[in-house]
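So this block is target02.pdb, PDB, C-alpha atoms and all ligand atoms:
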MODEL        1
ATOM      1  CA  MET U   1     -21.580  -2.782  58.237
ATOM      2  CA  MET U   2     -18.894  -2.418  55.615
ATOM      3  CA  VAL U   3     -15.694  -4.336  56.418
ATOM      4  CA  ILE U   4     -12.435  -3.142  54.892
ATOM      5  CA  GLY U   5      -9.598  -5.670  54.972
ATOM      6  CA  ILE U   6      -6.166  -4.095  55.056
ATOM      7  CA  THR U   7      -3.131  -6.143  54.235
ATOM      8  CA  GLY U   8       0.384  -5.891  52.888
ATOM      9  CA  GLY U   9       3.844  -7.086  53.810
ATOM     10  CA  ILE U  10       5.789  -6.791  57.037
ATOM     11  CA  GLY U  11       6.401  -3.098  57.677
ATOM     12  CA  SER U  12       4.583  -2.001  54.513
ATOM     13  CA  GLY U  13       2.409   0.410  56.513
ATOM     14  CA  LYS U  14      -0.736  -1.516  57.495
ATOM     15  CA  SER U  15      -0.907  -0.044  61.013
ATOM     16  CA  THR U  16      -0.220   3.436  59.688
ATOM     17  CA  VAL U  17      -3.034   3.142  57.155
ATOM     18  CA  SER U  18      -5.435   1.545  59.666
ATOM     19  CA  GLY U  19      -4.786   4.454  62.026
ATOM     20  CA  MET U  20      -5.745   6.859  59.250
ATOM     21  CA  PHE U  21      -9.018   4.990  58.668
ATOM     22  CA  ARG U  22      -9.639   5.138  62.417
ATOM     23  CA  GLU U  23      -9.232   8.924  62.354
ATOM     24  CA  LEU U  24     -11.957   9.007  59.686
ATOM     25  CA  GLY U  25     -14.346   7.154  62.002
ATOM     26  CA  ALA U  26     -13.767   3.466  61.235
ATOM     27  CA  ARG U  27     -13.467   0.904  64.038
ATOM     28  CA  VAL U  28     -10.270  -1.137  63.732
ATOM     29  CA  ILE U  29      -9.619  -4.782  64.562
ATOM     30  CA  ASP U  30      -5.906  -5.582  64.637
ATOM     31  CA  ALA U  31      -5.397  -9.268  63.772
ATOM     32  CA  ASP U  32      -1.921  -9.244  65.373
ATOM     33  CA  LYS U  33      -3.459  -8.127  68.675
ATOM     34  CA  VAL U  34      -6.106 -10.821  68.383
ATOM     35  CA  ALA U  35      -3.303 -13.349  67.807
ATOM     36  CA  GLN U  36      -1.523 -12.101  70.945
ATOM     37  CA  GLU U  37      -4.717 -12.524  72.983
ATOM     38  CA  VAL U  38      -5.251 -16.039  71.671
ATOM     39  CA  MET U  39      -1.616 -16.909  72.487
ATOM     40  CA  ALA U  40      -1.612 -15.395  75.984
ATOM     41  CA  PRO U  41      -0.731 -17.821  78.788
ATOM     42  CA  PHE U  42      -3.257 -20.636  79.126
ATOM     43  CA  GLU U  43      -5.432 -19.384  76.262
ATOM     44  CA  PRO U  44      -6.273 -21.963  73.537
ATOM     45  CA  GLY U  45      -3.469 -20.893  71.148
ATOM     46  CA  TRP U  46      -0.944 -21.066  73.977
ATOM     47  CA  TRP U  47      -1.942 -24.646  74.747
ATOM     48  CA  ALA U  48      -1.745 -25.646  71.089
ATOM     49  CA  VAL U  49       1.785 -24.240  70.751
ATOM     50  CA  TYR U  50       2.898 -25.656  74.084
ATOM     51  CA  GLU U  51       1.702 -29.118  73.153
ATOM     52  CA  TYR U  52       3.352 -29.100  69.727
ATOM     53  CA  PHE U  53       6.654 -27.294  70.410
ATOM     54  CA  GLY U  54       7.143 -28.470  73.986
ATOM     55  CA  GLN U  55       7.703 -26.590  77.217
ATOM     56  CA  GLY U  56      10.996 -25.120  75.943
ATOM     57  CA  ILE U  57       8.918 -22.639  73.943
ATOM     58  CA  VAL U  58       7.542 -21.091  77.161
ATOM     59  CA  CYS U  59       9.445 -18.623  79.398
ATOM     60  CA  PRO U  60       9.585 -20.278  82.814
ATOM     61  CA  GLU U  61       9.266 -16.956  84.689
ATOM     62  CA  THR U  62       6.274 -15.469  82.874
ATOM     63  CA  SER U  63       4.627 -18.497  81.230
ATOM     64  CA  GLU U  64       4.526 -16.385  78.043
ATOM     65  CA  ILE U  65       5.427 -18.033  74.757
ATOM     66  CA  ASP U  66       8.995 -17.039  73.866
ATOM     67  CA  ARG U  67       8.104 -15.089  70.724
ATOM     68  CA  ALA U  68      11.699 -14.563  69.611
ATOM     69  CA  ARG U  69      12.390 -18.285  69.834
ATOM     70  CA  LEU U  70       9.133 -19.230  68.123
ATOM     71  CA  GLY U  71       9.782 -16.596  65.448
ATOM     72  CA  SER U  72      13.245 -17.846  64.617
ATOM     73  CA  LEU U  73      11.999 -21.452  64.573
ATOM     74  CA  VAL U  74       9.113 -20.842  62.195
ATOM     75  CA  PHE U  75      10.817 -18.318  59.951
ATOM     76  CA  GLY U  76      13.733 -20.731  59.617
ATOM     77  CA  ASP U  77      11.618 -23.724  58.612
ATOM     78  CA  PRO U  78       8.529 -23.560  56.394
ATOM     79  CA  LEU U  79       7.203 -26.811  57.890
ATOM     80  CA  PHE U  80       7.125 -25.296  61.376
ATOM     81  CA  LEU U  81       5.472 -22.176  59.987
ATOM     82  CA  ARG U  82       2.755 -24.255  58.332
ATOM     83  CA  LYS U  83       2.202 -26.262  61.476
ATOM     84  CA  LEU U  84       1.971 -23.155  63.668
ATOM     85  CA  ASN U  85      -0.489 -21.583  61.232
ATOM     86  CA  SER U  86      -2.680 -24.669  61.128
ATOM     87  CA  LEU U  87      -2.806 -24.688  64.933
ATOM     88  CA  VAL U  88      -3.570 -21.054  65.624
ATOM     89  CA  HIS U  89      -5.268 -19.591  62.548
ATOM     90  CA  PRO U  90      -8.651 -21.237  63.149
ATOM     91  CA  LEU U  91      -8.632 -19.877  66.721
ATOM     92  CA  ILE U  92      -7.753 -16.370  65.533
ATOM     93  CA  LEU U  93     -10.377 -16.432  62.758
ATOM     94  CA  ARG U  94     -13.070 -17.442  65.218
ATOM     95  CA  ARG U  95     -12.155 -14.581  67.569
ATOM     96  CA  ILE U  96     -12.138 -12.083  64.668
ATOM     97  CA  GLU U  97     -15.635 -13.215  63.674
ATOM     98  CA  GLU U  98     -16.782 -12.634  67.263
ATOM     99  CA  LEU U  99     -15.276  -9.136  67.328
ATOM    100  CA  LEU U 100     -16.868  -8.249  63.983
ATOM    101  CA  GLN U 101     -20.217  -9.412  65.313
ATOM    102  CA  GLN U 102     -19.758  -7.205  68.387
ATOM    103  CA  LEU U 103     -19.099  -4.192  66.158
ATOM    104  CA  ARG U 104     -22.182  -5.015  64.080
ATOM    105  CA  ASP U 105     -24.268  -5.267  67.244
ATOM    106  CA  GLN U 106     -22.983  -1.842  68.306
ATOM    107  CA  GLY U 107     -24.235  -0.324  65.057
ATOM    108  CA  THR U 108     -20.776   0.263  63.545
ATOM    109  CA  LYS U 109     -20.924   1.457  59.935
ATOM    110  CA  VAL U 110     -17.333   0.912  58.797
ATOM    111  CA  ALA U 111     -14.926  -1.625  60.298
ATOM    112  CA  VAL U 112     -11.312  -2.134  59.337
ATOM    113  CA  LEU U 113      -9.614  -5.483  59.707
ATOM    114  CA  ASP U 114      -5.834  -5.010  59.746
ATOM    115  CA  ALA U 115      -4.562  -8.490  58.900
ATOM    116  CA  PRO U 116      -1.079  -9.283  57.561
ATOM    117  CA  LEU U 117      -2.333 -12.705  56.426
ATOM    118  CA  LEU U 118      -5.734 -11.573  55.121
ATOM    119  CA  ILE U 119      -5.264 -13.368  51.798
ATOM    120  CA  GLU U 120      -3.259 -16.379  52.992
ATOM    121  CA  THR U 121      -5.948 -17.259  55.563
ATOM    122  CA  GLY U 122      -8.858 -16.731  53.161
ATOM    123  CA  LEU U 123     -10.179 -13.820  55.227
ATOM    124  CA  HIS U 124     -10.195 -11.660  52.094
ATOM    125  CA  ARG U 125     -13.347 -13.539  51.106
ATOM    126  CA  ARG U 126     -15.055 -12.453  54.348
ATOM    127  CA  VAL U 127     -14.496  -8.706  53.874
ATOM    128  CA  ASP U 128     -16.264  -6.298  51.511
ATOM    129  CA  VAL U 129     -13.193  -4.470  50.253
ATOM    130  CA  VAL U 130      -9.522  -5.516  50.111
ATOM    131  CA  VAL U 131      -6.908  -2.776  50.473
ATOM    132  CA  VAL U 132      -3.264  -3.694  49.894
ATOM    133  CA  VAL U 133      -0.661  -1.337  51.320
ATOM    134  CA  TRP U 134       2.166  -1.478  48.843
ATOM    135  CA  VAL U 135       5.749  -0.344  49.231
ATOM    136  CA  GLU U 136       8.919  -0.883  47.210
ATOM    137  CA  ARG U 137      11.135  -3.603  48.628
ATOM    138  CA  ASP U 138      14.082  -1.240  49.310
ATOM    139  CA  ILE U 139      11.895   1.179  51.236
ATOM    140  CA  GLN U 140      10.284  -1.695  53.124
ATOM    141  CA  ILE U 141      13.721  -2.935  54.200
ATOM    142  CA  ALA U 142      14.901   0.569  55.173
ATOM    143  CA  ARG U 143      11.765   1.256  57.266
ATOM    144  CA  LEU U 144      12.035  -2.091  59.028
ATOM    145  CA  LYS U 145      15.690  -1.449  59.767
ATOM    146  CA  SER U 146      14.993   1.973  61.237
ATOM    147  CA  ARG U 147      12.062   0.644  63.289
ATOM    148  CA  GLN U 148      14.097  -2.291  64.658
ATOM    149  CA  PRO U 149      17.797  -1.434  64.296
ATOM    150  CA  GLN U 150      18.774  -4.514  66.337
ATOM    151  CA  MET U 151      17.288  -6.868  63.723
ATOM    152  CA  ALA U 152      19.909  -8.308  61.367
ATOM    153  CA  MET U 153      19.515  -7.448  57.696
ATOM    154  CA  SER U 154      19.513 -11.170  56.855
ATOM    155  CA  GLU U 155      16.560 -11.709  59.207
ATOM    156  CA  ILE U 156      14.619  -8.806  57.699
ATOM    157  CA  VAL U 157      15.120 -10.221  54.211
ATOM    158  CA  GLN U 158      14.249 -13.730  55.387
ATOM    159  CA  ARG U 159      10.973 -12.488  56.894
ATOM    160  CA  ILE U 160      10.029 -10.575  53.765
ATOM    161  CA  ASN U 161      10.849 -13.584  51.587
ATOM    162  CA  SER U 162       8.787 -15.940  53.758
ATOM    163  CA  GLN U 163       5.639 -13.922  52.982
ATOM    164  CA  MET U 164       3.490 -13.842  49.860
ATOM    165  CA  SER U 165       4.987 -11.117  47.689
ATOM    166  CA  LEU U 166       3.316  -7.731  47.546
ATOM    167  CA  GLU U 167       3.045  -8.122  43.772
ATOM    168  CA  GLU U 168       0.969 -11.272  44.328
ATOM    169  CA  LYS U 169      -1.173  -9.592  46.999
ATOM    170  CA  LYS U 170      -1.921  -6.703  44.653
ATOM    171  CA  LYS U 171      -3.848  -9.134  42.423
ATOM    172  CA  TYR U 172      -6.464  -9.520  45.167
ATOM    173  CA  ALA U 173      -6.805  -5.803  45.851
ATOM    174  CA  ASP U 174      -9.852  -3.633  45.244
ATOM    175  CA  PHE U 175      -7.597  -0.694  46.140
ATOM    176  CA  VAL U 176      -3.805  -0.442  46.303
ATOM    177  CA  ILE U 177      -2.298   2.243  48.521
ATOM    178  CA  ASP U 178       1.112   3.403  47.377
ATOM    179  CA  ASN U 179       2.941   3.990  50.674
ATOM    180  CA  ASN U 180       6.334   4.806  49.191
ATOM    181  CA  GLN U 181       6.006   8.495  49.729
ATOM    182  CA  SER U 182       5.095  10.892  52.528
ATOM    183  CA  LEU U 183       2.476  10.130  55.162
ATOM    184  CA  GLU U 184       0.473  13.019  53.749
ATOM    185  CA  LYS U 185       0.343  11.378  50.307
ATOM    186  CA  THR U 186      -0.792   8.155  51.952
ATOM    187  CA  ARG U 187      -3.462  10.000  53.937
ATOM    188  CA  GLN U 188      -4.860  11.488  50.712
ATOM    189  CA  GLN U 189      -5.245   8.000  49.246
ATOM    190  CA  VAL U 190      -6.937   6.743  52.425
ATOM    191  CA  GLU U 191      -9.410   9.640  52.337
ATOM    192  CA  LEU U 192     -10.227   8.972  48.714
ATOM    193  CA  ILE U 193     -10.861   5.285  49.370
ATOM    194  CA  PHE U 194     -12.974   6.077  52.427
ATOM    195  CA  GLN U 195     -15.084   8.538  50.470
ATOM    196  CA  THR U 196     -15.474   6.097  47.577
ATOM    197  CA  ILE U 197     -16.574   3.324  49.917
ATOM    198  CA  VAL U 198     -18.952   5.572  51.828
ATOM    199  CA  LYS U 199     -20.473   6.855  48.602
ATOM    200  CA  LYS U 200     -20.879   3.373  47.154
ATOM    201  CA  GLY U 201     -22.037   1.661  50.346
ATOM    202  CA  ARG U 202     -25.742   1.645  50.937
ATOM    203  CA  GLY U 203     -26.811   3.003  54.305
ATOM    204  CA  PHE U 204     -23.545   4.794  55.052
ATOM    205  CA  GLU U 205     -24.826   8.273  54.278
ATOM    206  CA  ARG U 206     -24.538   9.416  57.866
ATOM    207  CA  ILE U 207     -20.757   9.084  57.902
ATOM    208  CA  GLU U 208     -19.206  12.448  57.130
TER     209      GLU U 208
HETATM  210  P1  LIG J 301       4.048  -4.859  60.676
HETATM  211  O1  LIG J 301       3.771  -5.823  59.576
HETATM  212  O2  LIG J 301       5.391  -5.086  61.223
HETATM  213  O3  LIG J 301       2.978  -4.797  61.709
HETATM  214  P2  LIG J 301       2.991  -2.532  59.305
HETATM  215  O4  LIG J 301       2.711  -3.027  57.930
HETATM  216  O5  LIG J 301       1.841  -2.357  60.222
HETATM  217  O6  LIG J 301       4.113  -3.385  60.001
HETATM  218  P3  LIG J 301       3.770   0.140  59.980
HETATM  219  O7  LIG J 301       4.109  -0.220  61.398
HETATM  220  O8  LIG J 301       2.550   0.956  59.742
HETATM  221  O9  LIG J 301       3.756  -1.164  59.081
HETATM  222  O10 LIG J 301       4.980   0.890  59.280
HETATM  223  C1  LIG J 301       6.316   0.368  59.356
HETATM  224  C2  LIG J 301       7.274   1.512  59.733
HETATM  225  O11 LIG J 301       7.338   2.438  58.649
HETATM  226  C3  LIG J 301       6.813   2.299  60.948
HETATM  227  O12 LIG J 301       7.951   2.669  61.684
HETATM  228  C4  LIG J 301       6.114   3.501  60.352
HETATM  229  O13 LIG J 301       6.166   4.617  61.197
HETATM  230  C5  LIG J 301       6.908   3.723  59.075
HETATM  231  N1  LIG J 301       6.119   4.290  57.967
HETATM  232  C6  LIG J 301       4.955   3.814  57.473
HETATM  233  N2  LIG J 301       4.521   4.544  56.445
HETATM  234  C7  LIG J 301       5.418   5.535  56.251
HETATM  235  C8  LIG J 301       5.552   6.630  55.322
HETATM  236  N3  LIG J 301       4.670   6.845  54.349
HETATM  237  N4  LIG J 301       6.626   7.432  55.458
HETATM  238  C9  LIG J 301       7.549   7.194  56.419
HETATM  239  N5  LIG J 301       7.502   6.189  57.317
HETATM  240  C10 LIG J 301       6.460   5.363  57.248
ENDMDL
END

Write out the structure in this file as structure tokens.
Ligand code: ATP
Amino acid sequence: MMVIGITGGIGSGKSTVSGMFRELGARVIDADKVAQEVMAPFEPGWWAVYEYFGQGIVCPETSEIDRARLGSLVFGDPLFLRKLNSLVHPLILRRIEELLQQLRDQGTKVAVLDAPLLIETGLHRRVDVVVVVWVERDIQIARLKSRQPQMAMSEIVQRINSQMSLEEKKKYADFVIDNNQSLEKTRQQVELIFQTIVKKGRGFERIE
């Protein structure tokens, strides 16, 4: 099985690009969804966060972790962000490994791992190909604003600044997708990468 790791910045177009790979026949694992599963009430990530941040981090009605509160805590303080990461990343990585193994067992030829923190967590070393979805900062900000108009501009900028820069991520890329333009232009790049990978990969001849 060939595993394509897709990464980029917040709102740079990772989900959009992963969806395009899915349309071409790849199976997609969304690391954010895995994180949500691991953090669901009474799952191991939930307990880790509860024990470190205290019961104030949990909504009393639903037992869910208050994501807005956790988000503003960790994006406002790099120490909290590091602590949260050290608690939950190992749990998420283990679950991703399990899901990849399931796909392998099912005979999957091409898997996509959509992971915002692919490089920061070292997962880029566990995939065959690293794809960075790149977008200009101004366009990134504008797309985030139109997706979540209620989010303050200062918060958008703070979140972008708290991440590894896209310029830095590009250094790890086997392929960079320029997602500044139309979806159609992005789709063309995805198709080209898919074809290149399928051509190069041994044993992938059956994928059209
Ligand atoms: P997040 O890190 O928040 O999960 P993401 O990297 O997965 O975000 P997307 O959700 O794919 O990014 O894209 C962010 C927003 O920009 C979405 O509203 C999406 O529809 C839009 N978008 C993505 N690519 C393009 C494009 N080429 N043209 C116009 N809009 C786009």

Report, in Å to a single decimal, how far apart CA of Gln188 in chain U and CA of Val17 in chain U are.
10.7 Å

Run the PyMOL selection byres (((chain U and resi 76-81) around 10) and not hetatm) on the file and write out the hits as a VMD selection string.
chain U and resid 52 to 53 70 to 75 82 to 87 155 158 to 159 162

Determine, counting only C-alpha atoms, which protein, DNA and RNA residues have an atom within 9 Å of an atom of Phe175 in chain U; residues of the same chain fewer than 4 positions away are not included. Present the result as a list in words.
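Listed by chain and then number, they are Val129, Val130, Val131, Val132, Val133, Lys170 and Ile193 of chain U.
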
Centre and size of axis-aligned box enclosing range 140-149 of chain U plus 8 Å each side, as JSON:
{"center_x": 14.0, "center_y": -0.5, "center_z": 58.9, "size_x": 23.5, "size_y": 20.9, "size_z": 27.5}

With the file shown as input, list the residues that the PyMOL selection byres (((not hetatm)) within 9 of (chain J and resi 301)) selects, as a ChimeraX atom specification.
/U:7-19,32,114-116,133,135,139-140,142-148,178-187

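As for CA of Val198 in chain U and CA of Gln102 in chain U, they are spaced 20.9 Å apart.
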
What do you get, as number ranges by chain, if you spell out every residue that the PyMOL selection byres (((chain U and resi 21-31) around 10) and not hetatm) selects here?
U: 2-6, 14-20, 32-37, 92-93, 95-96, 99-100, 103, 108-118, 187, 190-191, 193-195, 207-208

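When CA of Cys59 in chain U is paired with CA of Phe42 in chain U, their separation reads 12.9 Å.
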
Counting only C-alpha atoms, the option among U:Leu166, U:Ser63, U:Pro90, U:Glu120 closest to Pro41 in chain U:
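Ranking U:Leu166, U:Ser63, U:Pro90, U:Glu120 by distance to Pro41 in chain U, first place goes to U:Ser63.
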
With distances taken over all atoms listed in the file, the candidate from U:Gln189, U:Asp66, U:Arg104, U:Glu136 nearest Glu167 in chain U is U:Glu136

Nearby residues (all atoms listed in the file) at most 9 Å from Val38 in chain U, same-chain spacing under 6 positions excluded, as a list of chain:residue names:
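The residues that qualify are U:Pro44, U:Gly45, U:Trp46, U:Val88, U:Leu91, U:Ile92, U:Arg95.
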